file upload.txt (compact mmCIF, C-alpha atoms)
# COMPACT_ATOMS: atom_id res chain seq x y z
CA MET V 20 3.89 6.60 -15.11
CA SER V 21 6.70 4.65 -16.70
CA ALA V 22 8.58 1.41 -16.08
CA THR V 23 12.33 0.97 -16.49
CA GLU V 24 13.79 -2.47 -17.09
CA ILE V 25 16.47 -3.43 -14.58
CA ASN V 26 19.77 -4.88 -15.78
CA LEU V 27 19.77 -8.15 -13.86
CA ALA V 28 23.45 -8.75 -14.59
CA THR V 29 24.43 -5.83 -12.36
CA TRP V 30 21.41 -5.63 -10.06
CA PRO V 31 22.44 -6.05 -6.39
CA ARG V 32 19.33 -8.13 -5.67
CA ARG V 33 19.83 -10.66 -8.45
CA GLU V 34 21.00 -13.43 -6.10
CA ALA V 35 18.22 -12.79 -3.58
CA LEU V 36 15.65 -12.85 -6.38
CA ALA V 37 17.02 -16.13 -7.76
CA LEU V 38 16.91 -17.67 -4.29
CA PHE V 39 13.40 -16.64 -3.32
CA ARG V 40 11.88 -17.47 -6.71
CA ARG V 41 12.52 -21.09 -5.73
CA PHE V 42 10.10 -20.79 -2.81
CA GLN V 43 6.42 -21.71 -3.01
CA LYS V 44 5.45 -18.55 -1.10
CA PRO V 45 8.25 -15.97 -1.10
CA GLN V 46 5.94 -13.23 0.16
CA TYR V 47 6.05 -12.29 3.85
CA SER V 48 4.20 -9.79 6.02
CA VAL V 49 5.39 -7.52 8.84
CA THR V 50 3.06 -5.64 11.19
CA ALA V 51 4.17 -2.57 13.14
CA ARG V 52 2.48 0.38 14.82
CA ILE V 53 2.16 3.85 13.31
CA ASP V 54 1.48 6.91 15.46
CA VAL V 55 -1.55 8.73 14.02
CA THR V 56 -1.95 11.37 16.75
CA ALA V 57 -1.18 14.25 14.37
CA LEU V 58 -3.53 12.89 11.73
CA LEU V 59 -6.46 12.62 14.17
CA ALA V 60 -5.75 16.07 15.61
CA ARG V 61 -6.04 17.45 12.07
CA LYS V 62 -9.32 15.60 11.60
CA ALA V 63 -10.69 17.08 14.83
CA GLN V 64 -9.82 20.64 13.78
CA GLU V 65 -10.57 20.62 10.06
CA PRO V 66 -14.10 19.82 8.89
CA GLY V 67 -14.10 17.61 5.84
CA PHE V 68 -10.61 16.23 6.42
CA SER V 69 -10.60 12.50 5.65
CA SER V 70 -8.42 10.44 7.96
CA TYR V 71 -9.02 7.48 5.64
CA LEU V 72 -7.59 9.30 2.61
CA ALA V 73 -4.76 10.54 4.81
CA CYS V 74 -3.87 6.93 5.64
CA VAL V 75 -4.05 5.97 1.96
CA HIS V 76 -1.75 8.85 1.07
CA ALA V 77 0.70 8.06 3.87
CA ALA V 78 0.86 4.43 2.75
CA GLY V 79 1.61 5.69 -0.76
CA ALA V 80 4.38 7.88 0.62
CA GLY V 81 5.90 4.85 2.32
CA LEU V 82 5.73 2.75 -0.84
CA HIS V 83 7.24 5.42 -3.08
CA ALA V 84 10.06 6.05 -0.61
CA VAL V 85 11.43 2.54 -1.24
CA PRO V 86 12.35 1.86 -4.89
CA GLU V 87 12.40 -1.90 -4.30
CA LEU V 88 8.66 -1.79 -3.51
CA CYS V 89 8.06 -0.36 -6.99
CA CYS V 90 9.82 -3.30 -8.71
CA ARG V 91 7.87 -6.07 -10.42
CA ILE V 92 8.74 -9.45 -11.91
CA ARG V 93 7.69 -9.83 -15.54
CA GLY V 94 8.68 -13.31 -16.65
CA ASP V 95 12.46 -13.29 -16.96
CA ARG V 96 12.63 -9.52 -16.49
CA VAL V 97 12.28 -7.09 -13.61
CA VAL V 98 11.01 -3.55 -14.08
CA GLN V 99 10.89 -0.57 -11.73
CA HIS V 100 7.94 1.84 -11.83
CA ASP V 101 8.38 5.52 -11.12
CA ARG V 102 4.80 5.88 -9.84
CA LEU V 103 2.20 3.43 -8.52
CA ARG V 104 -1.56 3.53 -8.53
CA LEU V 105 -3.04 2.87 -5.10
CA SER V 106 -5.87 0.34 -5.08
CA PRO V 107 -7.76 0.34 -1.77
CA THR V 108 -10.63 -2.00 -1.11
CA LEU V 109 -14.10 -0.54 -0.64
CA GLN V 110 -17.32 -1.85 0.84
CA PHE V 111 -20.51 -1.26 -1.08
CA PRO V 112 -23.71 -0.43 0.86
CA ASP V 113 -24.93 -4.03 0.44
CA GLY V 114 -21.73 -5.36 2.06
CA ARG V 115 -20.01 -6.52 -1.13
CA LEU V 116 -16.29 -5.98 -1.60
CA GLY V 117 -15.03 -3.64 -4.30
CA PHE V 118 -11.85 -1.97 -5.48
CA THR V 119 -10.91 1.45 -6.74
CA TYR V 120 -7.75 2.87 -8.34
CA LEU V 121 -6.25 6.17 -7.24
CA GLU V 122 -3.48 8.22 -8.83
CA TRP V 123 -0.96 9.00 -6.11
CA HIS V 124 0.63 12.45 -5.83
CA PRO V 125 3.25 13.55 -3.28
CA ALA V 126 1.10 16.51 -2.18
CA PHE V 127 -1.97 15.44 -0.19
CA ALA V 128 -3.88 18.56 -1.28
CA THR V 129 -3.43 17.48 -4.90
CA PHE V 130 -4.11 13.80 -4.23
CA ALA V 131 -7.23 14.02 -2.06
CA PRO V 132 -9.92 15.70 -4.26
CA PRO V 133 -9.61 13.38 -7.29
CA ALA V 134 -9.15 10.37 -4.99
CA ARG V 135 -12.39 11.20 -3.16
CA ALA V 136 -14.18 11.69 -6.50
CA GLU V 137 -12.93 8.33 -7.82
CA ILE V 138 -14.00 6.50 -4.66
CA ASP V 139 -17.47 8.07 -4.88
CA ALA V 140 -17.72 7.12 -8.56
CA THR V 141 -16.74 3.52 -7.81
CA LEU V 142 -19.37 3.29 -5.06
CA ARG V 143 -22.01 4.65 -7.43
CA ARG V 144 -21.11 2.12 -10.14
CA GLY V 145 -21.31 -0.72 -7.66
CA GLU V 146 -18.98 -2.93 -9.71
CA MET V 147 -16.21 -4.99 -8.11
CA GLU V 148 -13.53 -4.06 -10.72
CA PRO V 149 -10.85 -6.48 -9.43
CA GLY V 150 -7.67 -5.28 -11.08
CA ILE V 151 -6.28 -3.43 -14.04
CA GLU V 152 -5.62 -6.13 -16.61
CA GLY V 153 -1.93 -6.43 -17.42
CA ASP V 154 -0.96 -3.42 -15.27
CA ASP V 155 1.36 -4.14 -12.33
CA ALA V 156 2.05 -0.46 -11.53
CA VAL V 157 -0.22 -0.80 -8.52
CA ALA V 158 -0.18 -1.46 -4.78
CA PHE V 159 -3.11 -3.10 -2.99
CA LEU V 160 -4.40 -1.37 0.14
CA SER V 161 -7.05 -2.29 2.67
CA CYS V 162 -8.39 -1.02 5.98
CA GLN V 163 -9.57 -3.18 8.89
CA PRO V 164 -11.18 -0.54 11.14
CA TRP V 165 -12.93 -3.14 13.29
CA LEU V 166 -9.71 -4.71 14.61
CA ASP V 167 -6.48 -3.70 16.28
CA PHE V 168 -4.67 -6.67 14.78
CA THR V 169 -1.19 -7.95 15.53
CA ALA V 170 -0.57 -9.72 12.22
CA PHE V 171 -2.13 -9.76 8.77
CA ASP V 172 -1.73 -11.86 5.64
CA ASN V 173 -3.12 -11.53 2.11
CA PRO V 174 -3.83 -13.84 -0.82
CA VAL V 175 -1.33 -13.65 -3.68
CA PHE V 176 -1.65 -14.57 -7.34
CA ASP V 177 1.42 -16.83 -7.48
CA ALA V 178 5.05 -17.08 -6.36
CA ASP V 179 6.08 -14.23 -8.67
CA ASP V 180 3.48 -11.80 -7.31
CA THR V 181 5.57 -8.77 -6.34
CA ILE V 182 2.71 -6.31 -5.76
CA PRO V 183 2.93 -4.95 -2.18
CA ARG V 184 -0.09 -5.15 0.11
CA VAL V 185 -0.70 -2.64 2.90
CA CYS V 186 -3.42 -2.97 5.54
CA TRP V 187 -4.08 -0.73 8.53
CA GLY V 188 -6.30 -1.32 11.54
CA ARG V 189 -8.38 0.49 14.13
CA TYR V 190 -7.19 3.75 15.70
CA THR V 191 -6.19 2.79 19.23
CA PRO V 192 -5.67 5.11 22.23
CA GLU V 193 -2.30 5.00 23.98
CA PRO V 194 -1.00 6.62 27.20
CA ALA V 195 -0.39 10.37 27.28
CA GLY V 196 -3.07 11.11 24.72
CA ARG V 197 -1.37 9.41 21.79
CA TRP V 198 -3.13 7.29 19.14
CA THR V 199 -1.65 4.47 17.06
CA MET V 200 -2.80 1.92 14.52
CA ALA V 201 -1.43 -1.41 13.34
CA VAL V 202 -0.07 -1.43 9.79
CA ALA V 203 0.86 -4.57 7.89
CA LEU V 204 3.13 -4.56 4.85
CA GLN V 205 3.36 -7.68 2.68
CA VAL V 206 6.21 -7.89 0.18
CA HIS V 207 8.10 -10.36 -2.01
CA HIS V 208 11.38 -11.36 -0.37
CA GLY V 209 13.11 -11.28 -3.74
CA MET V 210 12.41 -7.55 -3.84
CA ALA V 211 12.66 -6.45 -0.22
CA ASP V 212 14.43 -7.40 2.99
CA GLY V 213 13.94 -6.16 6.53
CA ALA V 214 15.76 -2.88 5.92
CA HIS V 215 13.40 -2.02 3.07
CA VAL V 216 10.37 -2.84 5.21
CA ALA V 217 11.72 -0.64 8.00
CA ALA V 218 12.26 2.20 5.51
CA PHE V 219 8.63 1.91 4.42
CA PHE V 220 7.38 2.23 8.00
CA ALA V 221 9.69 5.19 8.68
CA ALA V 222 8.44 7.01 5.58
CA MET V 223 4.78 6.27 6.35
CA GLN V 224 5.28 7.51 9.91
CA ALA V 225 6.88 10.71 8.66
CA ALA V 226 4.00 11.25 6.25
CA CYS V 227 1.44 10.83 9.06
CA ALA V 228 3.32 13.35 11.20
CA GLU V 229 3.05 15.94 8.41
CA PHE V 230 -0.72 16.13 8.96
CA ALA V 231 -0.23 17.94 12.27
CA PRO V 232 -2.55 20.99 12.34
call {"tool": "encode", "arguments": {"input": "upload.txt", "output": "structure tokens"}}
result
Amino acid sequence: MSATEINLATWPRREALALFRRFQKPQYSVTARIDVTALLARKAQEPGFSSYLACVHAAGAGLHAVPELCCRIRGDRVVQHDRLRLSPTLQFPDGRLGFTYLEWHPAFATFAPPARAEIDATLRRGEMEPGIEGDDAVAFLSCQPWLDFTAFDNPVFDADDTIPRVCWGRYTPEPAGRWTMAVALQVHHGMADGAHVAAFFAAMQAACAEFAP
């Protein structure tokens, strides 16, 4: 992974960034529905297939499809990462919250085995591990399988927190045998507008469709 500094003098988003850095909370969240019919059909036909890891991977595909979601504020600078770690929340057996850090790869077959091993290792350690100190090449992910929510919001560090948050909800049956889930994306408005958010959802939807058996 590497980060490239953006030339703010020529960056098309320089005015938007300057505007929204004046706001107390420039982050906003959008919730939309993703069709997961293909993903669940794959799970039904393939023993050992993890629909959870498939959702993590699809969220990563959506994030990496939008360069603005890989940009981070660093003081007076902005950098763009070429690859993000995915940090989903976990629940330990005693109910405590924990975090793990997964190396994303475009191919699910390459991503899934080490991701599963890292999640298992984190659960065995039983340590919360809240963040990689000084490393902003990350996106925070969470799953809310108990709820089919219509909106979702997350805590942020401060007004310059440009790390995206993605949360997905319960698989929900729809007419004609389809299944969907709510997905919330939280972004910094200095980095991303509505078109970027829509591009994320389109890319995540396309990634979910690729799991068709």
call {"tool": "atom_distance", "arguments": {"input": "upload.txt", "atom1": "atom CA of V:Ala158", "atom2": "atom CA of V:Val49"}}
result
15.9 Å
call {"tool": "residues_around", "arguments": {"input": "upload.txt", "residues": "V:Ile53", "least_positions_apart": "6", "cutoff": "9 Å", "atoms": "all atoms listed in the file", "output": "PyMOL selection string"}}
result
chain V and resi 198-202+220-221+223-224+227
call {"tool": "atom_distance", "arguments": {"input": "upload.txt", "atom1": "atom CA of V:Pro174", "atom2": "atom CA of V:Gly81"}}
result
21.3 Å
call {"tool": "residues_around", "arguments": {"input": "upload.txt", "residues": "V:Thr141", "least_positions_apart": "3", "cutoff": "9 Å", "atoms": "all atoms listed in the file", "output": "PDB file with C-alpha atoms, keeping the file's coordinate frame"}}
result
ATOM      1  CA  LEU V 109     -14.100  -0.540  -0.640  1.00  0.00           C
ATOM      2  CA  GLY V 117     -15.030  -3.640  -4.300  1.00  0.00           C
ATOM      3  CA  PHE V 118     -11.850  -1.970  -5.480  1.00  0.00           C
ATOM      4  CA  THR V 119     -10.910   1.450  -6.740  1.00  0.00           C
ATOM      5  CA  ALA V 136     -14.180  11.690  -6.500  1.00  0.00           C
ATOM      6  CA  GLU V 137     -12.930   8.330  -7.820  1.00  0.00           C
ATOM      7  CA  ILE V 138     -14.000   6.500  -4.660  1.00  0.00           C
ATOM      8  CA  ARG V 144     -21.110   2.120 -10.140  1.00  0.00           C
ATOM      9  CA  GLY V 145     -21.310  -0.720  -7.660  1.00  0.00           C
ATOM     10  CA  GLU V 146     -18.980  -2.930  -9.710  1.00  0.00           C
ATOM     11  CA  MET V 147     -16.210  -4.990  -8.110  1.00  0.00           C
ATOM     12  CA  GLU V 148     -13.530  -4.060 -10.720  1.00  0.00           C
TER      13      GLU V 148
END
call {"tool": "atom_distance", "arguments": {"input": "upload.txt", "atom1": "atom CA of V:Ala214", "atom2": "atom CA of V:Ala37"}}
result
19.1 Å
call {"tool": "residues_around", "arguments": {"input": "upload.txt", "residues": "V:Ala78", "least_positions_apart": "2", "cutoff": "12 Å", "atoms": "only C-alpha atoms", "output": "JSON list (two decimals) with C-alpha atoms, keeping the file's coordinate frame"}}
result
[["chain", "number", "residue", "atom", "x", "y", "z"],
["V", 53, "ILE", "CA", 2.16, 3.85, 13.31],
["V", 71, "TYR", "CA", -9.02, 7.48, 5.64],
["V", 72, "LEU", "CA", -7.59, 9.30, 2.61],
["V", 73, "ALA", "CA", -4.76, 10.54, 4.81],
["V", 74, "CYS", "CA", -3.87, 6.93, 5.64],
["V", 75, "VAL", "CA", -4.05, 5.97, 1.96],
["V", 76, "HIS", "CA", -1.75, 8.85, 1.07],
["V", 80, "ALA", "CA", 4.38, 7.88, 0.62],
["V", 81, "GLY", "CA", 5.90, 4.85, 2.32],
["V", 82, "LEU", "CA", 5.73, 2.75, -0.84],
["V", 83, "HIS", "CA", 7.24, 5.42, -3.08],
["V", 84, "ALA", "CA", 10.06, 6.05, -0.61],
["V", 85, "VAL", "CA", 11.43, 2.54, -1.24],
["V", 88, "LEU", "CA", 8.66, -1.79, -3.51],
["V", 103, "LEU", "CA", 2.20, 3.43, -8.52],
["V", 104, "ARG", "CA", -1.56, 3.53, -8.53],
["V", 105, "LEU", "CA", -3.04, 2.87, -5.10],
["V", 106, "SER", "CA", -5.87, 0.34, -5.08],
["V", 107, "PRO", "CA", -7.76, 0.34, -1.77],
["V", 123, "TRP", "CA", -0.96, 9.00, -6.11],
["V", 124, "HIS", "CA", 0.63, 12.45, -5.83],
["V", 125, "PRO", "CA", 3.25, 13.55, -3.28],
["V", 127, "PHE", "CA", -1.97, 15.44, -0.19],
["V", 158, "ALA", "CA", -0.18, -1.46, -4.78],
["V", 159, "PHE", "CA", -3.11, -3.10, -2.99],
["V", 160, "LEU", "CA", -4.40, -1.37, 0.14],
["V", 161, "SER", "CA", -7.05, -2.29, 2.67],
["V", 162, "CYS", "CA", -8.39, -1.02, 5.98],
["V", 183, "PRO", "CA", 2.93, -4.95, -2.18],
["V", 184, "ARG", "CA", -0.09, -5.15, 0.11],
["V", 185, "VAL", "CA", -0.70, -2.64, 2.90],
["V", 186, "CYS", "CA", -3.42, -2.97, 5.54],
["V", 187, "TRP", "CA", -4.08, -0.73, 8.53],
["V", 202, "VAL", "CA", -0.07, -1.43, 9.79],
["V", 203, "ALA", "CA", 0.86, -4.57, 7.89],
["V", 204, "LEU", "CA", 3.13, -4.56, 4.85],
["V", 218, "ALA", "CA", 12.26, 2.20, 5.51],
["V", 219, "PHE", "CA", 8.63, 1.91, 4.42],
["V", 220, "PHE", "CA", 7.38, 2.23, 8.00],
["V", 221, "ALA", "CA", 9.69, 5.19, 8.68],
["V", 222, "ALA", "CA", 8.44, 7.01, 5.58],
["V", 223, "MET", "CA", 4.78, 6.27, 6.35],
["V", 224, "GLN", "CA", 5.28, 7.51, 9.91],
["V", 225, "ALA", "CA", 6.88, 10.71, 8.66],
["V", 226, "ALA", "CA", 4.00, 11.25, 6.25],
["V", 227, "CYS", "CA", 1.44, 10.83, 9.06]]
call {"tool": "closest_residue", "arguments": {"input": "upload.txt", "among": "V:Asp95, V:Asp155, V:Asp139, V:Asp54", "to": "V:Ala22", "atoms": "only C-alpha atoms"}}
result
V:Asp155
call {"tool": "residues_around", "arguments": {"input": "upload.txt", "residues": "V:Phe230", "least_positions_apart": "4", "cutoff": "10 Å", "atoms": "all atoms listed in the file", "output": "VMD selection string"}}
result
chain V and resid 55 to 62 70 73 77 127 225 to 226
call {"tool": "residues_near_point", "arguments": {"input": "upload.txt", "point": "(20.1, -6.2, -15.2)", "cutoff": "12 Å", "atoms": "only C-alpha atoms", "output": "ChimeraX atom specification"}}
result
/V:23-34,36,95-99
call {"tool": "closest_residue", "arguments": {"input": "upload.txt", "among": "V:Ala134, V:Leu121, V:Ile92, V:Ala228", "to": "V:Asp177", "atoms": "only C-alpha atoms"}}
result
V:Ile92
call {"tool": "closest_residue", "arguments": {"input": "upload.txt", "among": "V:Ala51, V:Met20, V:Met210, V:Cys89", "to": "V:Phe39", "atoms": "all atoms listed in the file"}}
result
V:Met210
call {"tool": "closest_residue", "arguments": {"input": "upload.txt", "among": "V:Gln110, V:Gln43, V:Thr181, V:Thr50", "to": "V:Val206", "atoms": "all atoms listed in the file"}}
result
V:Thr181
call {"tool": "closest_residue", "arguments": {"input": "upload.txt", "among": "V:Pro194, V:His208, V:Arg189, V:Ile182", "to": "V:Arg91", "atoms": "all atoms listed in the file"}}
result
V:Ile182
call {"tool": "closest_residue", "arguments": {"input": "upload.txt", "among": "V:Leu166, V:Ala156, V:Pro45, V:His100", "to": "V:Tyr120", "atoms": "all atoms listed in the file"}}
result
V:Ala156
